[in-house]
Protein chains: 2
Amino acid sequence: MTELLFEKIKEYVRVEDGDIVLLNAYFKFEKVKKGAFLNRDGEVAQYATFVQKGLFRTFIIDERGTEHILQFSMAGWWTGDLASFISRKPSRFYVEALKDSEILIISKESWDSLMEEAPFYLDYHRKLLERSLIATQDRLLESYSVDAMKKYLKLLKTLPDILQQVPQYMIASYLGMSRETLSRIRRQLAKENKGQY
Amino acid sequence: MTELLFEKIKEYVRVEDGDIVLLNAYFKFEKVKKGAFLNRDGEVAQYATFVQKGLFRTFIIDERGTEHILQFSMAGWWTGDLASFISRKPSRFYVEALKDSEILIISKESWDSLMEEAPFYLDYHRKLLERSLIATQDRLLESYSVDAMKKYLKLLKTLPDILQQVPQYMIASYLGMSRETLSRIRRQLAKENKGQY
DNA sequence: CGCGGGTTTGATGATGCTCAAGCCCGGTGG
DNA sequence: CCACCGGGCTTGAGCATCATCAAACCCGCG
């Protein structure tokens, strides 16, 4: 059941093959339908969520009612509001399934037990945190110093798979630009590349 | 020597009074002059750095040669590129003292030992990571959805002390706007508040 | 006094947003 | 089978915000 998670953990820390038993004991498998919400603004995130299959988005809605997507979470990644889950404080985010999906969930109590029982998991978690921090810093720097076109080009390199899977207006929201702007950028790129086929 | 750090740790995790001995053993005290760099783009961060006294900035220089400030670090906070320090990968940041300052530093080897010897420290570190992540997420969201004026007003609330201590053009850089824009915003605010004294 | 770093001010222009309309295409019901 | 609907994408026009460039200004200091 938890093979994918186990594989991922192996990428970060050293583990014994037997350790997978622990994961199986602590995590719970669930299916969620496209459109379902794992979390809403103001709620405390009840579970940490590992994506086995499918796709999620994490977003906020600002005072003007506009959505801003912080993150897409694909298979093999985590989703949800980690900060809320750990601190038990209300989340500021919505988390929504963009496809029928399969997830592993774990409650805070189980999480704490697992941390005590399995040092490797604690270590893994710390490294995940570090990685999230770096990724978020990168996005922040990008938002500072890079124009719309370059942001899109960078996304093409770093997350090409996403483009096939979500509507364009969500890409625009993720990149922090209007749907119209993204549309125009794509037109321009298409024009430049004409004749290359 | 490490009283301030110890105080800070107490805010996050439970510790024994005797634990301060450990900190004294592991951390090294240093003074740095205004203008000194703790770290430069491309270097691996050799130390984790706790600020006892003074002020630091963390920034990058983009392809066009423009500086972008990610963070100011005051007394009681950490500075430097944590990600680089932990992962041993080259940093992307510059870290510069904005005043004559006093710091506590610890090497990676000592850091690892301390983590093993002092579980409370490990826990403290994890919570710091979480906090940094939240703070960075906040800044990212802000860069998305908030105009220049509101960013400044928010800074006035969250970090009023900073304003007294650093030149305005650094504030502008931190907020992701030009110095001229910040200047105009301040003029406007001054105008609106006339007569309130 | 003059220098230099920092700030202010004005003029101009680029970038990307908003609003509004039209288009494309797959799905549905008559 | 086709008309129509609706969601998403595109296109254009006008506009707001903010960056850039250039000049002046302010003020502490040698």
# chains A, B, ... in the order shown; residues from 1 in each chain; ligands from 1
call {"tool": "interface_residues", "arguments": {"of": "chain A", "to": "chain B", "cutoff": "8 Å", "atoms": "only C-alpha atoms", "output": "PyMOL selection string"}}
result
chain A and resi 62+68+70+83+126+129-130+132-134+136-137+139-141+143-145+176
call {"tool": "write_last_selection", "arguments": {"atoms": "N, CA and C atoms", "output": "mmCIF file, in the first residue's frame"}}
result
data_model
loop_
_atom_site.group_PDB
_atom_site.id
_atom_site.type_symbol
_atom_site.label_atom_id
_atom_site.label_comp_id
_atom_site.auth_asym_id
_atom_site.auth_seq_id
_atom_site.Cartn_x
_atom_site.Cartn_y
_atom_site.Cartn_z
ATOM 1 N N ASP A 62 -8.215 35.884 -2.184
ATOM 2 C CA ASP A 62 -7.895 37.162 -1.542
ATOM 3 C C ASP A 62 -9.135 38.037 -1.344
ATOM 4 N N HIS A 68 -5.554 32.433 -5.798
ATOM 5 C CA HIS A 68 -4.113 32.382 -6.068
ATOM 6 C C HIS A 68 -3.597 30.996 -5.711
ATOM 7 N N LEU A 70 -0.936 28.339 -4.873
ATOM 8 C CA LEU A 70 0.430 28.257 -4.355
ATOM 9 C C LEU A 70 1.161 27.050 -4.859
ATOM 10 N N ALA A 83 1.892 23.422 7.762
ATOM 11 C CA ALA A 83 2.025 24.301 8.920
ATOM 12 C C ALA A 83 0.808 24.169 9.832
ATOM 13 N N ARG A 126 12.181 16.422 8.208
ATOM 14 C CA ARG A 126 12.984 17.638 8.270
ATOM 15 C C ARG A 126 13.498 18.008 6.884
ATOM 16 N N LEU A 129 10.803 19.560 4.856
ATOM 17 C CA LEU A 129 10.599 20.955 5.255
ATOM 18 C C LEU A 129 11.634 21.855 4.587
ATOM 19 N N GLU A 130 12.875 21.417 4.649
ATOM 20 C CA GLU A 130 13.932 22.207 4.030
ATOM 21 C C GLU A 130 13.658 22.407 2.546
ATOM 22 N N SER A 132 10.791 22.278 0.969
ATOM 23 C CA SER A 132 9.657 23.182 0.765
ATOM 24 C C SER A 132 10.100 24.620 0.927
ATOM 25 N N LEU A 133 10.934 24.839 1.928
ATOM 26 C CA LEU A 133 11.405 26.195 2.180
ATOM 27 C C LEU A 133 12.182 26.717 0.976
ATOM 28 N N ILE A 134 13.066 25.901 0.461
ATOM 29 C CA ILE A 134 13.854 26.321 -0.701
ATOM 30 C C ILE A 134 12.947 26.603 -1.894
ATOM 31 N N THR A 136 9.848 27.449 -1.924
ATOM 32 C CA THR A 136 9.056 28.655 -1.714
ATOM 33 C C THR A 136 9.919 29.904 -1.855
ATOM 34 N N GLN A 137 11.139 29.840 -1.347
ATOM 35 C CA GLN A 137 12.069 30.959 -1.533
ATOM 36 C C GLN A 137 12.303 31.223 -3.017
ATOM 37 N N ARG A 139 10.313 30.614 -5.492
ATOM 38 C CA ARG A 139 9.136 31.239 -6.069
ATOM 39 C C ARG A 139 9.068 32.709 -5.697
ATOM 40 N N LEU A 140 9.435 33.005 -4.487
ATOM 41 C CA LEU A 140 9.428 34.396 -4.040
ATOM 42 C C LEU A 140 10.424 35.225 -4.853
ATOM 43 N N LEU A 141 11.619 34.699 -5.001
ATOM 44 C CA LEU A 141 12.634 35.403 -5.770
ATOM 45 C C LEU A 141 12.173 35.608 -7.206
ATOM 46 N N SER A 143 9.141 35.833 -8.261
ATOM 47 C CA SER A 143 8.077 36.835 -8.352
ATOM 48 C C SER A 143 8.650 38.248 -8.326
ATOM 49 N N TYR A 144 9.790 38.400 -7.687
ATOM 50 C CA TYR A 144 10.463 39.686 -7.633
ATOM 51 C C TYR A 144 11.026 40.121 -8.976
ATOM 52 N N SER A 145 11.792 39.221 -9.558
ATOM 53 C CA SER A 145 12.800 39.659 -10.510
ATOM 54 C C SER A 145 12.572 39.174 -11.924
ATOM 55 N N GLY A 176 0.907 33.784 -11.074
ATOM 56 C CA GLY A 176 0.669 35.141 -10.598
ATOM 57 C C GLY A 176 0.395 36.127 -11.696
#
call {"tool": "residues_around", "arguments": {"residues": "Phe72 in chain A", "least_positions_apart": "6", "cutoff": "9 Å", "atoms": "only C-alpha atoms (C1' of nucleotides)", "output": "list in words"}}
result
Leu55, Phe56, Arg57, Thr58, Thr79, Ile162 and Tyr174 of chain A
call {"tool": "write_last_selection", "arguments": {"atoms": "C-alpha atoms", "output": "PDB file, in the first residue's frame"}}
result
ATOM      1  CA  LEU A  55      -3.540  15.827  -8.620  1.00  0.00           C
ATOM      2  CA  PHE A  56      -4.303  18.583  -6.099  1.00  0.00           C
ATOM      3  CA  ARG A  57      -4.089  22.323  -5.911  1.00  0.00           C
ATOM      4  CA  THR A  58      -3.488  24.515  -2.875  1.00  0.00           C
ATOM      5  CA  THR A  79      -0.288  18.247  -0.180  1.00  0.00           C
ATOM      6  CA  ILE A 162       1.373  20.048 -15.231  1.00  0.00           C
ATOM      7  CA  TYR A 174      -0.067  29.741 -10.199  1.00  0.00           C
TER       8      TYR A 174
END
call {"tool": "calpha_fit_rmsd", "arguments": {"fixed": "chain A", "moving": "chain B"}}
result
0.0 Å
call {"tool": "residues_around", "arguments": {"residues": "Val21 in chain B", "least_positions_apart": "5", "cutoff": "10 Å", "atoms": "only C-alpha atoms (C1' of nucleotides)", "output": "PyMOL selection string"}}
result
chain B and resi 1-2+6+26
call {"tool": "write_last_selection", "arguments": {"atoms": "C-alpha atoms", "output": "compact mmCIF listing (two decimals), in the first residue's frame"}}
result
# COMPACT_ATOMS: atom_id res chain seq x y z
CA MET B 1 27.16 33.85 26.52
CA THR B 2 24.24 32.08 24.95
CA PHE B 6 18.51 29.95 25.28
CA TYR B 26 28.90 24.15 20.94
call {"tool": "closest_atom_pairs", "arguments": {"of": "chain D", "to": "chain B", "cutoff": "9 Å", "atoms": "only C-alpha atoms (C1' of nucleotides)", "output": "Markdown table"}}
result
| residue | atom | partner | partner_atom | distance |
| --- | --- | --- | --- | --- |
| D:DT17 | C1' | B:Asp147 | CA | 8.7 |
| D:DC18 | C1' | B:Thr181 | CA | 7.1 |
| D:DA19 | C1' | B:Ser178 | CA | 6.9 |
call {"tool": "select_by_dssp", "arguments": {"residues": "chain B", "states": "strand (DSSP E or B)", "output": "ChimeraX atom specification"}}
result
/B:28-32,37-39,44,47-53,55-61,67-74,78-79,90,94-97,101-107
call {"tool": "interface_residues", "arguments": {"of": "chain C", "to": "chain B", "cutoff": "12 Å", "atoms": "only C-alpha atoms (C1' of nucleotides)", "output": "MDAnalysis selection string"}}
result
chainID C and resid 5:10
call {"tool": "write_last_selection", "arguments": {"atoms": "C-alpha atoms (C1' of nucleotides)", "output": "tab-separated table (two decimals), in the first residue's frame"}}
result
chain	number	residue	atom	x	y	z
C	5	DG	C1'	24.95	58.94	-0.15
C	6	DG	C1'	20.32	58.90	0.19
C	7	DT	C1'	15.81	60.78	-0.96
C	8	DT	C1'	12.49	63.29	-3.63
C	9	DT	C1'	10.16	64.85	-7.76
C	10	DG	C1'	8.64	64.96	-12.50
call {"tool": "atom_distance", "arguments": {"atom1": "CA of Asn24 in chain A", "atom2": "CA of Phe85 in chain A"}}
result
20.4 Å
call {"tool": "atom_distance", "arguments": {"atom1": "CA of Pro119 in chain A", "atom2": "CA of Val13 in chain A"}}
result
10.1 Å
call {"tool": "residues_around", "arguments": {"residues": "Leu22 in chain A", "least_positions_apart": "6", "cutoff": "10 Å", "atoms": "only C-alpha atoms (C1' of nucleotides)", "output": "list of chain:residue names"}}
result
A:Thr2, A:Leu114, A:Glu117, A:Ala118
call {"tool": "atom_distance", "arguments": {"atom1": "CA of Lys99 in chain A", "atom2": "CA of Tyr121 in chain A"}}
result
28.5 Å
call {"tool": "residues_around", "arguments": {"residues": "DC5 in chain D", "least_positions_apart": "2", "cutoff": "10 Å", "atoms": "only C-alpha atoms (C1' of nucleotides)", "output": "PDB file with N, CA and C atoms (P, O5', C5', C4', C3', O3' and C1' of nucleotides), in the first residue's frame"}}
result
ATOM      1  P    DG C  27     -17.116  15.289 -24.745  1.00  0.00           P
ATOM      2  O5'  DG C  27     -18.481  15.974 -24.304  1.00  0.00           O
ATOM      3  C5'  DG C  27     -18.495  16.862 -23.185  1.00  0.00           C
ATOM      4  C4'  DG C  27     -19.937  17.169 -22.845  1.00  0.00           C
ATOM      5  C3'  DG C  27     -20.848  15.938 -22.870  1.00  0.00           C
ATOM      6  O3'  DG C  27     -21.795  16.063 -21.803  1.00  0.00           O
ATOM      7  C1'  DG C  27     -21.595  17.520 -24.471  1.00  0.00           C
ATOM      8  P    DT C  28     -22.942  14.965 -21.581  1.00  0.00           P
ATOM      9  O5'  DT C  28     -24.217  15.770 -22.078  1.00  0.00           O
ATOM     10  C5'  DT C  28     -24.419  17.117 -21.640  1.00  0.00           C
ATOM     11  C4'  DT C  28     -25.812  17.556 -22.088  1.00  0.00           C
ATOM     12  C3'  DT C  28     -26.839  16.420 -22.106  1.00  0.00           C
ATOM     13  O3'  DT C  28     -28.072  16.903 -21.619  1.00  0.00           O
ATOM     14  C1'  DT C  28     -26.648  17.362 -24.270  1.00  0.00           C
TER      15       DT C  28
ATOM     16  P    DA D   3     -28.374  23.147 -37.288  1.00  0.00           P
ATOM     17  O5'  DA D   3     -29.093  23.853 -36.070  1.00  0.00           O
ATOM     18  C5'  DA D   3     -30.361  23.382 -35.604  1.00  0.00           C
ATOM     19  C4'  DA D   3     -30.476  23.760 -34.151  1.00  0.00           C
ATOM     20  C3'  DA D   3     -29.804  25.100 -33.811  1.00  0.00           C
ATOM     21  O3'  DA D   3     -30.665  25.812 -32.934  1.00  0.00           O
ATOM     22  C1'  DA D   3     -28.815  23.361 -32.535  1.00  0.00           C
ATOM     23  P    DG D   7     -20.501  27.103 -17.279  1.00  0.00           P
ATOM     24  O5'  DG D   7     -19.007  26.547 -17.320  1.00  0.00           O
ATOM     25  C5'  DG D   7     -18.772  25.166 -17.597  1.00  0.00           C
ATOM     26  C4'  DG D   7     -17.419  25.029 -18.249  1.00  0.00           C
ATOM     27  C3'  DG D   7     -16.370  25.950 -17.633  1.00  0.00           C
ATOM     28  O3'  DG D   7     -15.186  25.203 -17.423  1.00  0.00           O
ATOM     29  C1'  DG D   7     -16.579  26.386 -19.967  1.00  0.00           C
TER      30       DG D   7
END
call {"tool": "select_by_dssp", "arguments": {"residues": "range 4-145 of chain B", "states": "alpha helix (DSSP H)", "output": "PyMOL selection string"}}
result
chain B and resi 4-12+20-26+82-87+108-117+119-145
call {"tool": "closest_residue", "arguments": {"among": "D:DC9, D:DC21, D:DC15, D:DC26", "to": "DC17 in chain C", "atoms": "only C-alpha atoms (C1' of nucleotides)"}}
result
D:DC15
call {"tool": "residues_around", "arguments": {"residues": "Gly80 in chain A", "least_positions_apart": "2", "cutoff": "8 Å", "atoms": "only C-alpha atoms (C1' of nucleotides)", "output": "list in words"}}
result
Leu38, Asn39, Ala45, Ala48, Thr49, Thr58, Trp78, Leu82 and Val95 of chain A
call {"tool": "write_last_selection", "arguments": {"atoms": "N, CA and C atoms", "output": "compact mmCIF listing (two decimals), in the first residue's frame"}}
result
# COMPACT_ATOMS: atom_id res chain seq x y z
N LEU A 38 -9.90 18.79 0.53
CA LEU A 38 -9.27 18.19 1.71
C LEU A 38 -9.25 19.19 2.85
N ASN A 39 -9.30 20.45 2.48
CA ASN A 39 -9.13 21.48 3.48
C ASN A 39 -9.72 22.79 2.98
N ALA A 45 -6.01 21.73 9.57
CA ALA A 45 -5.76 20.55 8.74
C ALA A 45 -5.67 19.31 9.63
N ALA A 48 -2.03 14.91 7.53
CA ALA A 48 -0.99 15.11 6.54
C ALA A 48 -1.32 14.18 5.37
N THR A 49 -1.14 14.64 4.18
CA THR A 49 -1.65 13.92 3.02
C THR A 49 -0.57 13.69 1.97
N THR A 58 -3.37 23.77 -4.13
CA THR A 58 -3.49 24.52 -2.88
C THR A 58 -3.61 25.98 -3.24
N TRP A 78 3.56 15.63 -1.32
CA TRP A 78 2.62 15.89 -0.25
C TRP A 78 1.72 17.05 -0.63
N LEU A 82 0.83 21.91 5.67
CA LEU A 82 1.69 21.28 6.66
C LEU A 82 1.76 22.11 7.94
N VAL A 95 -7.53 23.23 -0.23
CA VAL A 95 -6.85 22.16 -0.97
C VAL A 95 -7.92 21.35 -1.69
call {"tool": "decode", "arguments": {"residues": "range 12-23 of chain C", "atoms": "N, CA and C atoms (P, O5', C5', C4', C3', O3' and C1' of nucleotides)", "output": "PDB file, in the first residue's frame"}}
result
ATOM      1  P    DT C  12       7.012  64.297 -20.820  1.00  0.00           P
ATOM      2  O5'  DT C  12       7.330  62.741 -20.907  1.00  0.00           O
ATOM      3  C5'  DT C  12       8.688  62.314 -21.084  1.00  0.00           C
ATOM      4  C4'  DT C  12       8.718  60.801 -21.075  1.00  0.00           C
ATOM      5  C3'  DT C  12       7.667  60.146 -21.978  1.00  0.00           C
ATOM      6  O3'  DT C  12       8.349  59.295 -22.888  1.00  0.00           O
ATOM      7  C1'  DT C  12       7.715  59.136 -19.839  1.00  0.00           C
ATOM      8  P    DG C  13       7.540  58.511 -24.020  1.00  0.00           P
ATOM      9  O5'  DG C  13       7.714  57.024 -23.474  1.00  0.00           O
ATOM     10  C5'  DG C  13       8.908  56.640 -22.809  1.00  0.00           C
ATOM     11  C4'  DG C  13       8.726  55.226 -22.287  1.00  0.00           C
ATOM     12  C3'  DG C  13       7.833  54.349 -23.167  1.00  0.00           C
ATOM     13  O3'  DG C  13       8.422  53.069 -23.239  1.00  0.00           O
ATOM     14  C1'  DG C  13       6.922  54.476 -20.990  1.00  0.00           C
ATOM     15  P    DA C  14       7.841  52.046 -24.281  1.00  0.00           P
ATOM     16  O5'  DA C  14       7.924  50.736 -23.392  1.00  0.00           O
ATOM     17  C5'  DA C  14       8.919  50.642 -22.377  1.00  0.00           C
ATOM     18  C4'  DA C  14       8.505  49.599 -21.366  1.00  0.00           C
ATOM     19  C3'  DA C  14       7.817  48.374 -21.956  1.00  0.00           C
ATOM     20  O3'  DA C  14       8.354  47.238 -21.315  1.00  0.00           O
ATOM     21  C1'  DA C  14       6.377  49.422 -20.391  1.00  0.00           C
ATOM     22  P    DT C  15       8.004  45.776 -21.853  1.00  0.00           P
ATOM     23  O5'  DT C  15       7.280  45.070 -20.639  1.00  0.00           O
ATOM     24  C5'  DT C  15       7.511  45.498 -19.316  1.00  0.00           C
ATOM     25  C4'  DT C  15       6.291  45.206 -18.484  1.00  0.00           C
ATOM     26  C3'  DT C  15       5.511  43.963 -18.926  1.00  0.00           C
ATOM     27  O3'  DT C  15       5.493  43.067 -17.817  1.00  0.00           O
ATOM     28  C1'  DT C  15       4.062  45.796 -18.536  1.00  0.00           C
ATOM     29  P    DG C  16       4.988  41.557 -17.962  1.00  0.00           P
ATOM     30  O5'  DG C  16       3.512  41.669 -17.394  1.00  0.00           O
ATOM     31  C5'  DG C  16       3.321  42.309 -16.146  1.00  0.00           C
ATOM     32  C4'  DG C  16       1.868  42.694 -15.999  1.00  0.00           C
ATOM     33  C3'  DG C  16       0.857  41.577 -16.336  1.00  0.00           C
ATOM     34  O3'  DG C  16      -0.109  41.600 -15.322  1.00  0.00           O
ATOM     35  C1'  DG C  16       0.294  43.515 -17.467  1.00  0.00           C
ATOM     36  P    DC C  17      -1.227  40.500 -15.116  1.00  0.00           P
ATOM     37  O5'  DC C  17      -2.485  41.399 -14.726  1.00  0.00           O
ATOM     38  C5'  DC C  17      -2.320  42.431 -13.757  1.00  0.00           C
ATOM     39  C4'  DC C  17      -3.542  43.328 -13.772  1.00  0.00           C
ATOM     40  C3'  DC C  17      -4.860  42.565 -13.842  1.00  0.00           C
ATOM     41  O3'  DC C  17      -5.752  43.047 -12.830  1.00  0.00           O
ATOM     42  C1'  DC C  17      -4.695  44.102 -15.671  1.00  0.00           C
ATOM     43  P    DT C  18      -7.199  42.388 -12.671  1.00  0.00           P
ATOM     44  O5'  DT C  18      -8.151  43.295 -13.576  1.00  0.00           O
ATOM     45  C5'  DT C  18      -8.112  44.710 -13.431  1.00  0.00           C
ATOM     46  C4'  DT C  18      -9.174  45.331 -14.324  1.00  0.00           C
ATOM     47  C3'  DT C  18     -10.490  44.545 -14.381  1.00  0.00           C
ATOM     48  O3'  DT C  18     -11.554  45.473 -14.286  1.00  0.00           O
ATOM     49  C1'  DT C  18      -9.628  44.844 -16.566  1.00  0.00           C
ATOM     50  P    DC C  19     -13.080  44.979 -14.034  1.00  0.00           P
ATOM     51  O5'  DC C  19     -13.782  45.274 -15.442  1.00  0.00           O
ATOM     52  C5'  DC C  19     -13.422  46.443 -16.165  1.00  0.00           C
ATOM     53  C4'  DC C  19     -13.947  46.352 -17.589  1.00  0.00           C
ATOM     54  C3'  DC C  19     -15.210  45.508 -17.758  1.00  0.00           C
ATOM     55  O3'  DC C  19     -16.104  46.236 -18.592  1.00  0.00           O
ATOM     56  C1'  DC C  19     -13.547  44.783 -19.256  1.00  0.00           C
ATOM     57  P    DA C  20     -17.633  45.754 -18.809  1.00  0.00           P
ATOM     58  O5'  DA C  20     -17.626  45.317 -20.350  1.00  0.00           O
ATOM     59  C5'  DA C  20     -16.894  46.096 -21.294  1.00  0.00           C
ATOM     60  C4'  DA C  20     -16.846  45.343 -22.596  1.00  0.00           C
ATOM     61  C3'  DA C  20     -18.029  44.387 -22.814  1.00  0.00           C
ATOM     62  O3'  DA C  20     -18.474  44.497 -24.144  1.00  0.00           O
ATOM     63  C1'  DA C  20     -16.014  43.228 -23.074  1.00  0.00           C
ATOM     64  P    DA C  21     -19.895  43.914 -24.615  1.00  0.00           P
ATOM     65  O5'  DA C  21     -19.520  43.165 -25.966  1.00  0.00           O
ATOM     66  C5'  DA C  21     -18.482  43.680 -26.808  1.00  0.00           C
ATOM     67  C4'  DA C  21     -17.789  42.529 -27.468  1.00  0.00           C
ATOM     68  C3'  DA C  21     -18.734  41.429 -27.970  1.00  0.00           C
ATOM     69  O3'  DA C  21     -18.711  41.431 -29.390  1.00  0.00           O
ATOM     70  C1'  DA C  21     -16.781  40.534 -26.909  1.00  0.00           C
ATOM     71  P    DG C  22     -19.580  40.387 -30.242  1.00  0.00           P
ATOM     72  O5'  DG C  22     -18.498  39.277 -30.583  1.00  0.00           O
ATOM     73  C5'  DG C  22     -17.258  39.671 -31.168  1.00  0.00           C
ATOM     74  C4'  DG C  22     -16.380  38.442 -31.270  1.00  0.00           C
ATOM     75  C3'  DG C  22     -17.091  37.229 -31.882  1.00  0.00           C
ATOM     76  O3'  DG C  22     -16.227  36.657 -32.850  1.00  0.00           O
ATOM     77  C1'  DG C  22     -16.140  36.652 -29.801  1.00  0.00           C
ATOM     78  P    DC C  23     -16.718  35.423 -33.750  1.00  0.00           P
ATOM     79  O5'  DC C  23     -15.766  34.287 -33.195  1.00  0.00           O
ATOM     80  C5'  DC C  23     -14.380  34.563 -32.984  1.00  0.00           C
ATOM     81  C4'  DC C  23     -13.754  33.332 -32.354  1.00  0.00           C
ATOM     82  C3'  DC C  23     -14.282  32.020 -32.950  1.00  0.00           C
ATOM     83  O3'  DC C  23     -13.198  31.146 -33.148  1.00  0.00           O
ATOM     84  C1'  DC C  23     -14.588  32.018 -30.627  1.00  0.00           C
TER      85       DC C  23
END
